[in-house]
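Q: Below is the file entry_5.txt, which contains compact mmCIF, C-alpha atoms.
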```txt
# COMPACT_ATOMS: atom_id res chain seq x y z
CA MET V 465 69.02 -11.11 -31.83
CA HIS V 466 68.30 -10.33 -28.26
CA ASN V 467 65.11 -11.63 -26.76
CA ILE V 468 63.07 -8.84 -25.29
CA PRO V 469 61.84 -9.97 -21.87
CA ASN V 470 58.10 -9.87 -21.39
CA LYS V 471 56.99 -7.23 -18.95
CA LYS V 472 54.85 -8.49 -16.13
CA GLN V 473 51.44 -6.92 -16.37
CA ARG V 474 50.23 -5.48 -13.09
CA PRO V 475 46.54 -5.96 -12.30
CA HIS V 476 44.41 -2.86 -12.52
CA PRO V 477 43.77 -1.26 -9.06
CA SER V 478 40.01 -1.56 -9.50
CA LEU V 479 40.38 -5.32 -10.15
CA VAL V 480 42.41 -5.69 -6.95
CA LEU V 481 39.71 -3.86 -4.98
CA ILE V 482 36.94 -6.04 -6.43
CA LEU V 483 38.86 -9.23 -5.63
CA PHE V 484 39.50 -7.99 -2.08
CA LEU V 485 35.81 -7.29 -1.49
CA LEU V 486 34.75 -10.63 -2.93
CA ALA V 487 37.27 -12.44 -0.75
CA GLY V 488 36.01 -10.64 2.33
CA MET V 489 32.39 -11.48 1.53
CA ALA V 490 33.25 -15.13 0.92
CA GLN V 491 34.87 -15.61 4.33
CA PRO V 492 32.73 -17.17 7.05
CA LEU V 493 31.67 -14.58 9.60
CA GLU V 494 32.53 -15.30 13.21
CA ALA V 495 30.83 -14.29 16.44
CA GLN V 496 30.13 -10.56 16.54
CA PHE V 497 29.76 -9.40 20.13
CA LYS V 498 30.81 -5.74 19.84
CA SER V 499 30.35 -2.97 17.27
CA ILE V 500 30.78 0.76 16.75
CA GLY V 501 28.28 2.67 14.61
CA LEU V 502 28.26 6.12 13.07
CA ARG V 503 25.00 7.79 12.07
CA GLY V 504 24.44 10.90 9.98
CA GLY V 505 21.23 12.53 8.81
CA VAL V 506 18.70 15.28 9.37
CA SER V 507 16.72 16.35 12.43
CA LYS V 508 13.73 18.52 13.23
CA ILE V 509 12.41 19.97 16.48
CA LEU V 510 8.69 19.49 17.04
CA GLY V 511 7.58 22.16 19.51
CA GLU V 512 5.66 25.37 20.07
CA ASN V 513 8.42 27.36 18.41
CA THR V 514 8.60 25.40 15.16
CA GLU V 515 6.66 26.04 11.98
CA GLU V 516 4.18 23.36 10.97
CA GLY V 517 5.04 21.12 8.02
CA ALA V 518 8.54 22.52 7.47
CA PHE V 519 11.21 20.22 6.06
CA PRO V 520 13.94 19.31 8.59
CA LYS V 521 16.35 22.21 8.94
CA GLY V 522 18.97 20.51 11.08
CA MET V 523 21.73 17.96 11.04
CA ASP V 524 22.03 14.83 13.14
CA TRP V 525 25.19 12.97 14.15
CA GLU V 526 25.51 10.02 16.52
CA LEU V 527 28.25 7.63 17.63
CA ASN V 528 27.14 4.42 19.34
CA TYR V 529 28.62 1.27 20.85
CA ALA V 530 26.66 -2.01 20.97
CA HIS V 531 27.38 -5.18 22.93
CA ARG V 532 25.60 -8.51 22.50
CA LEU V 533 23.43 -9.64 25.42
CA PHE V 534 21.45 -12.39 23.66
CA ASP V 535 21.06 -13.60 20.08
CA LEU V 536 18.63 -10.82 19.17
CA VAL V 537 19.33 -8.25 21.91
CA ARG V 538 22.09 -5.64 22.17
CA ALA V 539 22.96 -3.19 24.93
CA VAL V 540 23.73 0.19 23.35
CA GLY V 541 25.49 3.35 24.53
CA LYS V 542 25.18 6.56 22.50
CA VAL V 543 26.48 10.11 22.23
CA GLY V 544 24.90 12.51 19.76
CA TYR V 545 24.81 16.03 18.39
CA GLN V 546 21.97 17.89 16.67
CA ARG V 547 21.83 21.43 15.36
CA GLU V 548 18.74 23.19 13.98
CA VAL V 549 17.44 26.62 13.08
CA THR V 550 13.99 27.12 14.62
CA ARG V 551 11.50 29.80 13.61
CA ARG V 552 8.22 31.12 14.94
CA ASN V 553 6.10 34.05 13.77
CA TYR V 554 4.09 35.79 16.49
CA PRO V 555 1.40 38.01 14.91
CA SER V 556 0.43 41.30 16.50
CA GLY V 557 -2.34 41.18 19.05
CA ILE V 558 -1.03 38.20 21.07
CA ALA V 559 -1.16 39.44 24.67
CA GLY V 560 -0.86 42.98 23.35
CA ALA V 561 2.56 42.38 21.80
CA PRO V 562 3.54 43.71 18.38
CA ALA V 563 4.33 41.29 15.56
CA THR V 564 7.72 39.62 15.88
CA ASN V 565 9.69 36.80 14.29
CA PHE V 566 11.75 34.53 16.55
CA VAL V 567 14.77 32.86 14.96
CA GLY V 568 17.16 30.77 17.01
CA THR V 569 19.95 28.25 16.49
CA SER V 570 19.69 25.21 18.73
CA SER V 571 22.66 22.96 19.53
CA CYS V 572 21.99 19.72 21.41
CA PHE V 573 24.51 17.31 22.98
CA SER V 574 23.17 14.00 24.31
CA ALA V 575 24.34 10.80 26.01
CA GLY V 576 22.21 7.75 26.75
CA VAL V 577 21.97 3.97 27.12
CA GLY V 578 19.35 1.44 26.06
CA ILE V 579 18.63 -1.80 24.23
CA ARG V 580 18.16 -2.80 20.59
CA VAL V 581 16.17 -5.85 19.52
CA TYR V 582 16.63 -7.39 16.07
CA LEU V 583 13.47 -8.72 14.43
CA ASN V 584 15.01 -11.26 12.05
CA GLN V 585 14.83 -14.67 13.73
CA ASN V 586 17.36 -15.99 11.21
CA ILE V 587 20.06 -13.57 12.29
CA HIS V 588 22.60 -16.46 12.43
CA GLU V 589 24.60 -14.72 15.14
CA PHE V 590 27.71 -16.81 14.55
CA ASN V 591 27.42 -16.81 10.77
CA PRO V 592 25.58 -13.74 9.40
CA PHE V 593 25.77 -13.73 5.61
CA PRO V 594 26.41 -10.81 3.19
CA GLY V 595 23.20 -9.33 1.90
CA GLN V 596 21.16 -10.31 4.97
CA PHE V 597 18.69 -7.64 6.16
CA LEU V 598 18.41 -7.14 9.92
CA PRO V 599 15.49 -4.87 10.92
CA TYR V 600 15.44 -3.72 14.55
CA LEU V 601 13.62 -1.73 17.22
CA GLY V 602 15.27 0.16 20.07
CA ILE V 603 14.55 2.25 23.13
CA ASP V 604 16.93 4.26 25.29
CA GLY V 605 17.13 7.23 27.61
CA GLY V 606 19.64 9.66 29.01
CA VAL V 607 20.49 13.31 29.49
CA LEU V 608 20.93 16.11 26.97
CA TYR V 609 22.34 19.61 27.12
CA ASN V 610 20.77 22.21 24.84
CA GLN V 611 22.12 25.65 23.94
CA THR V 612 20.03 28.12 21.93
CA ASP V 613 21.53 31.26 20.42
CA ALA V 614 19.14 34.01 19.33
CA PRO V 615 19.70 37.65 18.32
CA ALA V 616 18.36 40.36 20.61
CA THR V 617 15.81 41.42 17.99
CA SER V 618 14.17 37.98 18.29
CA LEU V 619 13.77 38.38 22.05
CA GLN V 620 12.58 41.97 22.42
CA ASN V 621 8.93 41.46 21.52
CA LEU V 622 8.14 37.94 22.71
CA PRO V 623 4.48 37.72 23.76
CA GLN V 624 3.55 37.43 27.40
CA ASP V 625 3.99 33.94 28.90
CA TYR V 626 6.59 33.02 26.27
CA ASN V 627 10.07 32.88 27.84
CA PHE V 628 13.46 32.40 26.25
CA VAL V 629 15.48 29.44 27.63
CA GLU V 630 19.10 29.84 26.65
CA SER V 631 20.55 26.54 27.90
CA GLY V 632 20.13 23.68 30.33
CA PHE V 633 20.20 19.94 31.05
CA VAL V 634 17.08 17.76 30.74
CA PRO V 635 16.39 14.00 30.69
CA PHE V 636 14.99 12.32 27.60
CA TRP V 637 13.75 9.01 26.28
CA GLN V 638 13.58 7.93 22.66
CA GLY V 639 12.41 5.09 20.45
CA GLU V 640 14.01 4.04 17.19
CA ILE V 641 13.35 1.84 14.20
CA GLY V 642 15.80 0.85 11.50
CA SER V 643 17.33 -1.85 9.37
CA GLN V 644 20.87 -2.94 8.57
CA VAL V 645 22.25 -4.99 5.71
CA VAL V 646 25.39 -7.14 6.12
CA LEU V 647 28.11 -6.00 3.67
CA ASN V 648 31.03 -8.23 4.62
CA GLN V 649 32.89 -9.65 7.59
CA PHE V 650 33.21 -6.30 9.34
CA LEU V 651 30.66 -3.84 7.96
CA ARG V 652 26.92 -3.25 7.94
CA ALA V 653 25.06 -0.30 6.42
CA GLY V 654 21.55 0.81 7.23
CA VAL V 655 18.88 3.41 7.76
CA TYR V 656 17.35 4.68 11.00
CA MET V 657 14.57 6.88 12.38
CA VAL V 658 14.39 8.14 15.97
CA LEU V 659 11.69 10.01 17.90
CA ARG V 660 12.93 11.68 21.11
CA ASP V 661 10.73 13.12 23.86
CA THR V 662 11.74 15.58 26.57
CA PRO V 663 9.68 16.93 29.52
CA SER V 664 10.72 20.49 28.67
CA ASP V 665 10.41 23.21 26.03
CA ILE V 666 14.16 23.60 26.02
CA LEU V 667 14.90 22.20 22.55
CA ASP V 668 13.55 25.18 20.63
CA GLY V 669 14.63 27.79 23.16
CA ILE V 670 11.10 28.96 24.04
CA GLU V 671 8.93 27.97 26.98
CA GLY V 672 5.36 28.28 25.75
CA THR V 673 1.91 28.40 27.28
CA THR V 674 1.42 24.62 27.68
CA ASP V 675 3.12 21.91 29.72
CA ALA V 676 3.93 19.85 26.62
CA GLY V 677 7.59 19.11 26.00
CA ASP V 678 9.54 19.33 22.75
CA TRP V 679 10.33 16.40 20.48
CA HIS V 680 13.23 15.56 18.19
CA LEU V 681 12.50 13.72 14.94
CA ARG V 682 15.71 12.32 13.45
CA GLY V 683 16.60 10.04 10.55
CA GLY V 684 19.36 9.13 8.13
CA LEU V 685 22.03 6.56 7.27
CA GLU V 686 24.36 4.52 9.45
CA LEU V 687 27.56 2.53 9.03
CA VAL V 688 28.49 -0.13 11.60
CA TYR V 689 31.90 -1.76 12.16
CA PHE V 690 32.02 -5.11 13.99
CA PHE V 691 34.79 -6.52 16.12
CA ASN V 692 34.70 -10.23 15.26
CA GLU V 693 35.68 -12.80 17.86
CA GLY V 694 36.27 -16.52 17.60
CA LYS V 695 33.59 -18.92 18.75
```
Would you mind writing the file's structure down as structure tokens?

A:
Amino acid sequence: MHNIPNKKQRPHPSLVLILFLLAGMAQPLEAQFKSIGLRGGVSKILGENTEEGAFPKGMDWELNYAHRLFDLVRAVGKVGYQREVTRRNYPSGIAGAPATNFVGTSSCFSAGVGIRVYLNQNIHEFNPFPGQFLPYLGIDGGVLYNQTDAPATSLQNLPQDYNFVESGFVPFWQGEIGSQVVLNQFLRAGVYMVLRDTPSDILDGIEGTTDAGDWHLRGGLELVYFFNEGK
């Protein structure tokens, strides 16, 4: 009789993945001076051309780079993109104009720099541990370019003193709040919320009857990749 050789059993792919993740989480984490983050979520324009109480109608994307300055402080550079549909109903009788509905699509490109401060005093910069929550606050400023596209029917009957602004550059400042959780040696996941202020009505495409500027309210999820360096 011939002995039938035993076939080597290959581990299931899911088991390999689990073991890989556990091994990564068990490794000591080294100094993390630099990181790249990707954010994705929703955005809403708060201005004279936006309906009150409407759920965010836009999308928000941001790519950022952070560099360690101190244990709890990071310098951050950002580029972002937002796109929303803004609406405003002008009833008849406003400055003698007939009723009209303004609908525009706003596209915003931004670039800025600022700082981020982590609030967890036990951040363990040279040994952050998986599962650790790292809440933070941030502030930054820069320049944005906004382009609004609107059909001619939305522009024909705008009331007096309301002007369409198709595009332009304006400065901005913004504050943010968020929190990250350490996943493993290289990755953190988190949530964020940002409030951006501009000195112009340019975000919604309409200059109104006041001097107040438009605001961006943004929020969503983020994923951060760290470049680890030896001590």

Q: Quick one: everything within 10 Å of V:Gly672, counting only C-alpha atoms, minus sequence neighbours fewer than 6 positions away in the same chain. Send it as number ranges by chain.

A: V: 511-513, 623-628, 664-666

Q: What is the distance between atom CA of V:Thr612 and atom CA of V:Leu681, in Å to one decimal?

A: 17.7 Å

Q: Can you list, as JSON, numbers by chain, every protein, DNA or RNA residue that comes within 12 Å of V:Arg682 when you count only C-alpha atoms, leaving out same-chain residues fewer than 5 positions away?

A: {"V": [503, 504, 505, 506, 507, 508, 509, 510, 519, 520, 521, 522, 523, 524, 525, 526, 544, 545, 546, 547, 548, 638, 639, 640, 641, 642, 655, 656, 657, 658, 659, 660, 661]}

Q: Rank nothing, just name the residue among V:Ala539, V:Asn584, V:Arg551, V:Asn648 nearest to V:Ile603, using all atoms listed in the file.

A: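 Smallest separation from V:Ile603 among the options: V:Ala539.
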
Q: For V:His531, which residue among V:Val549, V:Val577, V:Ile670, V:Ile587 is the nearest when counting all atoms listed in the file?

A: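 Nearest to V:His531: V:Val577.
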
Q: Would you mind reading off the distance between atom CA of V:Val688 and atom CA of V:Leu598, one decimal, in Å?

A: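 Pair atom CA of V:Val688 / atom CA of V:Leu598 returns 12.4 Å.
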
Q: Give me the residues near V:Leu527 as a VMD selection string, where near means some atom within 9 Å (using only C-alpha atoms) and where sequence neighbours in that chain fewer than 2 positions away do not count.

A: chain V and resid 500 to 503 525 529 541 to 544

Q: Hey, which of V:Gln649, V:Gln620, V:Thr662, V:Ser643 ends up closest to V:Leu608? Count only C-alpha atoms.

A: V:Thr662

Q: Excluding V:Phe690 and residues on its chain fewer than 2 positions from it, collect all residues at most 8 Å away from it, counting all atoms listed in the file, and give them as a list in words.

A: Gln496, Phe497, Lys498, Ser499, Ile500, Gln649, Phe650, Leu651, Val688 and Asn692 of chain V

Q: Save the residues we just selected, C-alpha atoms, as a PDB file, in the coordinates of the input?

A:
```pdb
ATOM      1  CA  GLN V 496      30.130 -10.560  16.540  1.00  0.00           C
ATOM      2  CA  PHE V 497      29.760  -9.400  20.130  1.00  0.00           C
ATOM      3  CA  LYS V 498      30.810  -5.740  19.840  1.00  0.00           C
ATOM      4  CA  SER V 499      30.350  -2.970  17.270  1.00  0.00           C
ATOM      5  CA  ILE V 500      30.780   0.760  16.750  1.00  0.00           C
ATOM      6  CA  GLN V 649      32.890  -9.650   7.590  1.00  0.00           C
ATOM      7  CA  PHE V 650      33.210  -6.300   9.340  1.00  0.00           C
ATOM      8  CA  LEU V 651      30.660  -3.840   7.960  1.00  0.00           C
ATOM      9  CA  VAL V 688      28.490  -0.130  11.600  1.00  0.00           C
ATOM     10  CA  ASN V 692      34.700 -10.230  15.260  1.00  0.00           C
TER      11      ASN V 692
END
```
